[in-house]
Structure formats: structure tokens, C-alpha cells
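Okay, target-v9.pdb now, which holds PDB, N, CA and C atoms:
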```pdb
ATOM      1  N   MET A 324      11.514   0.735  -3.929  1.00  0.00           N
ATOM      2  CA  MET A 324      11.946   1.484  -5.089  1.00  0.00           C
ATOM      3  C   MET A 324      10.989   1.223  -6.244  1.00  0.00           C
ATOM      4  N   VAL A 325      10.531   2.272  -6.876  1.00  0.00           N
ATOM      5  CA  VAL A 325       9.646   2.154  -8.032  1.00  0.00           C
ATOM      6  C   VAL A 325      10.503   2.152  -9.281  1.00  0.00           C
ATOM      7  N   ARG A 326      10.296   1.149 -10.107  1.00  0.00           N
ATOM      8  CA  ARG A 326      11.065   1.011 -11.344  1.00  0.00           C
ATOM      9  C   ARG A 326      10.196   1.491 -12.496  1.00  0.00           C
ATOM     10  N   LEU A 327      10.670   2.460 -13.249  1.00  0.00           N
ATOM     11  CA  LEU A 327       9.909   2.986 -14.372  1.00  0.00           C
ATOM     12  C   LEU A 327      10.075   2.082 -15.588  1.00  0.00           C
ATOM     13  N   LEU A 328       8.984   1.892 -16.296  1.00  0.00           N
ATOM     14  CA  LEU A 328       9.009   1.084 -17.514  1.00  0.00           C
ATOM     15  C   LEU A 328       9.234   1.984 -18.715  1.00  0.00           C
ATOM     16  N   LYS A 329       9.683   1.408 -19.791  1.00  0.00           N
ATOM     17  CA  LYS A 329       9.877   2.165 -21.018  1.00  0.00           C
ATOM     18  C   LYS A 329       8.607   2.221 -21.851  1.00  0.00           C
ATOM     19  N   VAL A 330       7.588   1.511 -21.441  1.00  0.00           N
ATOM     20  CA  VAL A 330       6.315   1.510 -22.156  1.00  0.00           C
ATOM     21  C   VAL A 330       5.193   1.812 -21.175  1.00  0.00           C
ATOM     22  N   ARG A 331       4.116   2.335 -21.697  1.00  0.00           N
ATOM     23  CA  ARG A 331       2.938   2.589 -20.881  1.00  0.00           C
ATOM     24  C   ARG A 331       1.997   1.401 -21.015  1.00  0.00           C
ATOM     25  N   ILE A 332       1.479   0.927 -19.915  1.00  0.00           N
ATOM     26  CA  ILE A 332       0.560  -0.210 -19.921  1.00  0.00           C
ATOM     27  C   ILE A 332      -0.852   0.319 -20.108  1.00  0.00           C
ATOM     28  N   THR A 333      -1.534  -0.171 -21.124  1.00  0.00           N
ATOM     29  CA  THR A 333      -2.928   0.197 -21.349  1.00  0.00           C
ATOM     30  C   THR A 333      -3.769  -1.068 -21.434  1.00  0.00           C
ATOM     31  N   VAL A 334      -5.031  -0.915 -21.122  1.00  0.00           N
ATOM     32  CA  VAL A 334      -5.952  -2.047 -21.149  1.00  0.00           C
ATOM     33  C   VAL A 334      -7.056  -1.725 -22.144  1.00  0.00           C
ATOM     34  N   SER A 335      -7.304  -2.645 -23.055  1.00  0.00           N
ATOM     35  CA  SER A 335      -8.344  -2.433 -24.061  1.00  0.00           C
ATOM     36  C   SER A 335      -9.592  -3.232 -23.710  1.00  0.00           C
ATOM     37  N   SER A 336     -10.622  -3.033 -24.489  1.00  0.00           N
ATOM     38  CA  SER A 336     -11.894  -3.712 -24.229  1.00  0.00           C
ATOM     39  C   SER A 336     -11.816  -5.216 -24.471  1.00  0.00           C
ATOM     40  N   ASP A 337     -10.804  -5.676 -25.197  1.00  0.00           N
ATOM     41  CA  ASP A 337     -10.671  -7.115 -25.436  1.00  0.00           C
ATOM     42  C   ASP A 337      -9.709  -7.780 -24.444  1.00  0.00           C
ATOM     43  N   CYS A 338      -9.613  -7.238 -23.237  1.00  0.00           N
ATOM     44  CA  CYS A 338      -8.779  -7.797 -22.166  1.00  0.00           C
ATOM     45  C   CYS A 338      -9.229  -9.226 -21.866  1.00  0.00           C
ATOM     46  N   ASP A 339      -8.258 -10.151 -21.783  1.00  0.00           N
ATOM     47  CA  ASP A 339      -8.598 -11.549 -21.488  1.00  0.00           C
ATOM     48  C   ASP A 339      -8.152 -11.968 -20.084  1.00  0.00           C
ATOM     49  N   LEU A 340      -7.851 -10.969 -19.232  1.00  0.00           N
ATOM     50  CA  LEU A 340      -7.458 -11.206 -17.836  1.00  0.00           C
ATOM     51  C   LEU A 340      -6.208 -12.076 -17.725  1.00  0.00           C
ATOM     52  N   CYS A 341      -5.258 -11.867 -18.628  1.00  0.00           N
ATOM     53  CA  CYS A 341      -4.025 -12.661 -18.600  1.00  0.00           C
ATOM     54  C   CYS A 341      -3.133 -12.311 -17.410  1.00  0.00           C
ATOM     55  N   GLY A 342      -3.263 -11.106 -16.881  1.00  0.00           N
ATOM     56  CA  GLY A 342      -2.499 -10.710 -15.709  1.00  0.00           C
ATOM     57  C   GLY A 342      -1.173 -10.026 -15.984  1.00  0.00           C
ATOM     58  N   LEU A 343      -0.820  -9.806 -17.241  1.00  0.00           N
ATOM     59  CA  LEU A 343       0.455  -9.150 -17.537  1.00  0.00           C
ATOM     60  C   LEU A 343       0.507  -7.729 -16.989  1.00  0.00           C
ATOM     61  N   CYS A 344      -0.578  -6.995 -17.086  1.00  0.00           N
ATOM     62  CA  CYS A 344      -0.588  -5.628 -16.561  1.00  0.00           C
ATOM     63  C   CYS A 344      -0.412  -5.635 -15.046  1.00  0.00           C
ATOM     64  N   VAL A 345      -1.018  -6.598 -14.379  1.00  0.00           N
ATOM     65  CA  VAL A 345      -0.889  -6.729 -12.925  1.00  0.00           C
ATOM     66  C   VAL A 345       0.562  -7.028 -12.564  1.00  0.00           C
ATOM     67  N   ARG A 346       1.178  -7.909 -13.297  1.00  0.00           N
ATOM     68  CA  ARG A 346       2.549  -8.333 -13.008  1.00  0.00           C
ATOM     69  C   ARG A 346       3.573  -7.229 -13.251  1.00  0.00           C
ATOM     70  N   TYR A 347       3.403  -6.446 -14.313  1.00  0.00           N
ATOM     71  CA  TYR A 347       4.445  -5.510 -14.707  1.00  0.00           C
ATOM     72  C   TYR A 347       4.223  -4.062 -14.307  1.00  0.00           C
ATOM     73  N   CYS A 348       3.063  -3.699 -13.819  1.00  0.00           N
ATOM     74  CA  CYS A 348       2.834  -2.313 -13.406  1.00  0.00           C
ATOM     75  C   CYS A 348       3.599  -2.046 -12.103  1.00  0.00           C
ATOM     76  N   PRO A 349       4.498  -1.047 -12.096  1.00  0.00           N
ATOM     77  CA  PRO A 349       5.327  -0.817 -10.917  1.00  0.00           C
ATOM     78  C   PRO A 349       4.589  -0.198  -9.737  1.00  0.00           C
ATOM     79  N   THR A 350       3.395   0.333  -9.955  1.00  0.00           N
ATOM     80  CA  THR A 350       2.675   0.989  -8.859  1.00  0.00           C
ATOM     81  C   THR A 350       1.357   0.308  -8.515  1.00  0.00           C
ATOM     82  N   ASP A 351       1.174  -0.917  -8.951  1.00  0.00           N
ATOM     83  CA  ASP A 351      -0.024  -1.708  -8.616  1.00  0.00           C
ATOM     84  C   ASP A 351      -1.337  -1.015  -8.972  1.00  0.00           C
ATOM     85  N   VAL A 352      -1.374  -0.429 -10.165  1.00  0.00           N
ATOM     86  CA  VAL A 352      -2.603   0.203 -10.647  1.00  0.00           C
ATOM     87  C   VAL A 352      -3.667  -0.850 -10.937  1.00  0.00           C
ATOM     88  N   PHE A 353      -3.244  -2.003 -11.431  1.00  0.00           N
ATOM     89  CA  PHE A 353      -4.168  -3.034 -11.880  1.00  0.00           C
ATOM     90  C   PHE A 353      -4.276  -4.173 -10.877  1.00  0.00           C
ATOM     91  N   SER A 354      -5.483  -4.707 -10.748  1.00  0.00           N
ATOM     92  CA  SER A 354      -5.684  -5.924  -9.956  1.00  0.00           C
ATOM     93  C   SER A 354      -6.864  -6.681 -10.546  1.00  0.00           C
ATOM     94  N   ILE A 355      -6.824  -7.992 -10.412  1.00  0.00           N
ATOM     95  CA  ILE A 355      -7.922  -8.829 -10.890  1.00  0.00           C
ATOM     96  C   ILE A 355      -8.697  -9.299  -9.673  1.00  0.00           C
ATOM     97  N   VAL A 356      -9.969  -8.951  -9.649  1.00  0.00           N
ATOM     98  CA  VAL A 356     -10.850  -9.323  -8.546  1.00  0.00           C
ATOM     99  C   VAL A 356     -11.982 -10.156  -9.134  1.00  0.00           C
ATOM    100  N   GLY A 357     -12.022 -11.423  -8.763  1.00  0.00           N
ATOM    101  CA  GLY A 357     -13.010 -12.317  -9.364  1.00  0.00           C
ATOM    102  C   GLY A 357     -12.721 -12.460 -10.843  1.00  0.00           C
ATOM    103  N   SER A 358     -13.665 -12.067 -11.663  1.00  0.00           N
ATOM    104  CA  SER A 358     -13.473 -12.121 -13.116  1.00  0.00           C
ATOM    105  C   SER A 358     -13.480 -10.720 -13.719  1.00  0.00           C
ATOM    106  N   LYS A 359     -13.019  -9.728 -12.944  1.00  0.00           N
ATOM    107  CA  LYS A 359     -12.978  -8.347 -13.425  1.00  0.00           C
ATOM    108  C   LYS A 359     -11.608  -7.732 -13.176  1.00  0.00           C
ATOM    109  N   LEU A 360     -11.220  -6.859 -14.077  1.00  0.00           N
ATOM    110  CA  LEU A 360      -9.990  -6.100 -13.909  1.00  0.00           C
ATOM    111  C   LEU A 360     -10.338  -4.779 -13.242  1.00  0.00           C
ATOM    112  N   GLU A 361      -9.683  -4.470 -12.140  1.00  0.00           N
ATOM    113  CA  GLU A 361      -9.873  -3.189 -11.474  1.00  0.00           C
ATOM    114  C   GLU A 361      -8.678  -2.304 -11.789  1.00  0.00           C
ATOM    115  N   VAL A 362      -8.971  -1.028 -12.079  1.00  0.00           N
ATOM    116  CA  VAL A 362      -7.932  -0.061 -12.416  1.00  0.00           C
ATOM    117  C   VAL A 362      -8.017   1.088 -11.419  1.00  0.00           C
ATOM    118  N   ARG A 363      -6.948   1.293 -10.667  1.00  0.00           N
ATOM    119  CA  ARG A 363      -6.883   2.401  -9.703  1.00  0.00           C
ATOM    120  C   ARG A 363      -6.008   3.493 -10.318  1.00  0.00           C
ATOM    121  N   SER A 364      -6.640   4.329 -11.141  1.00  0.00           N
ATOM    122  CA  SER A 364      -5.897   5.324 -11.918  1.00  0.00           C
ATOM    123  C   SER A 364      -5.188   6.358 -11.051  1.00  0.00           C
ATOM    124  N   GLU A 365      -5.631   6.559  -9.817  1.00  0.00           N
ATOM    125  CA  GLU A 365      -4.972   7.538  -8.949  1.00  0.00           C
ATOM    126  C   GLU A 365      -3.546   7.110  -8.582  1.00  0.00           C
ATOM    127  N   ARG A 366      -3.220   5.838  -8.767  1.00  0.00           N
ATOM    128  CA  ARG A 366      -1.869   5.345  -8.482  1.00  0.00           C
ATOM    129  C   ARG A 366      -0.929   5.464  -9.676  1.00  0.00           C
ATOM    130  N   CYS A 367      -1.469   5.783 -10.836  1.00  0.00           N
ATOM    131  CA  CYS A 367      -0.661   5.815 -12.058  1.00  0.00           C
ATOM    132  C   CYS A 367       0.353   6.954 -12.009  1.00  0.00           C
ATOM    133  N   ILE A 368       1.576   6.672 -12.411  1.00  0.00           N
ATOM    134  CA  ILE A 368       2.634   7.679 -12.419  1.00  0.00           C
ATOM    135  C   ILE A 368       2.878   8.243 -13.818  1.00  0.00           C
ATOM    136  N   TYR A 369       2.119   7.832 -14.808  1.00  0.00           N
ATOM    137  CA  TYR A 369       2.276   8.351 -16.167  1.00  0.00           C
ATOM    138  C   TYR A 369       1.325   9.476 -16.422  1.00  0.00           C
TER     139      TYR A 369
END
```
So, in terms of C-alpha cells, how does the structure I just supplied come out?
Amino acid sequence: MVRLLKVRITVSSDCDLCGLCVRYCPTDVFSIVGSKLEVRSERCIY
């Protein structure tokens, strides 16, 4: 079951790789690989 959030998760240029977007995105758009954030926008439901 996909749970919709009341807010949209966005990533800015000052991302510190804290992992909050990875943890709270219901469709796994975000992942941290090494020291980079990967964004799979095709999975986004917004």
C-alpha cells in the first residue's frame, strides 16, 4: 500500500545526505549511493 504524504519532498543544492527523503518517500524515488543522492523521477507520484 502506498501512503500519500501531505507534503511534497524536494531536494535542494545544499543537500547534506541526511536520508530523510529516502526514509519518507512512499515510492522510493530517492536513494543514497556512495556519497551521492540519486533521484528516480519516473517513480514520483506528484
Can you work out the spacing between atom N of A:Val356 and atom CA of A:Gly342 in Å, to one decimal?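 Interatomic distance here is 9.8 Å.
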Please give the complete set of residues from chain A that DSSP, run on the backbone, assigns to alpha helix (DSSP H), formatted as a PyMOL selection string. chain A and resi 343-347
Picked from chain A by DSSP as strand (DSSP E), as a ChimeraX atom specification: /A:353-356,359-362
Non-local contacts of A:Cys367 (7 Å; only N, CA and C atoms; under 4 positions in same chain excluded) as a list in words: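 The filter keeps Thr350, Val352 and Arg363 of chain A.
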Return as AutoDock Vina command-line options the centre and edge lengths, in Å with one decimal, of the box along x, y and z that encloses every atom of stretch 356-362 of chain A in the file, padded by 5 Å per side.
```
--center_x -10.8 --center_y -5.7 --center_z -11.3 --size_x 15.7 --size_y 23.5 --size_z 15.5
```
Contacts of A:Phe353 within 6 Å, all atoms listed in the file, excl. fewer than 6 positions in-chain, as a PyMOL selection string: chain A and resi 344-345+361-363
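For the pair atom C of A:Lys359 and atom N of A:Val334, the separation is 12.4 Å.
Put simply, atom CA of A:Gly357 is 14.2 Å away from atom CA of A:Cys338.
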Taking 3 positions as the minimum chain separation for residues in the same chain, which residues sit within 10 Å of A:Leu343 when counting only C-alpha atoms? Answer as a VMD selection string. chain A and resid 332 340 346 to 348 353
Translate the PyMOL selection byres (((chain A and resi 368 and name CA) around 10) and name CA), as applied to the file shown, into an explicit residue set as a PyMOL selection string. chain A and resi 325+327+331+349-350+352+364-367+369
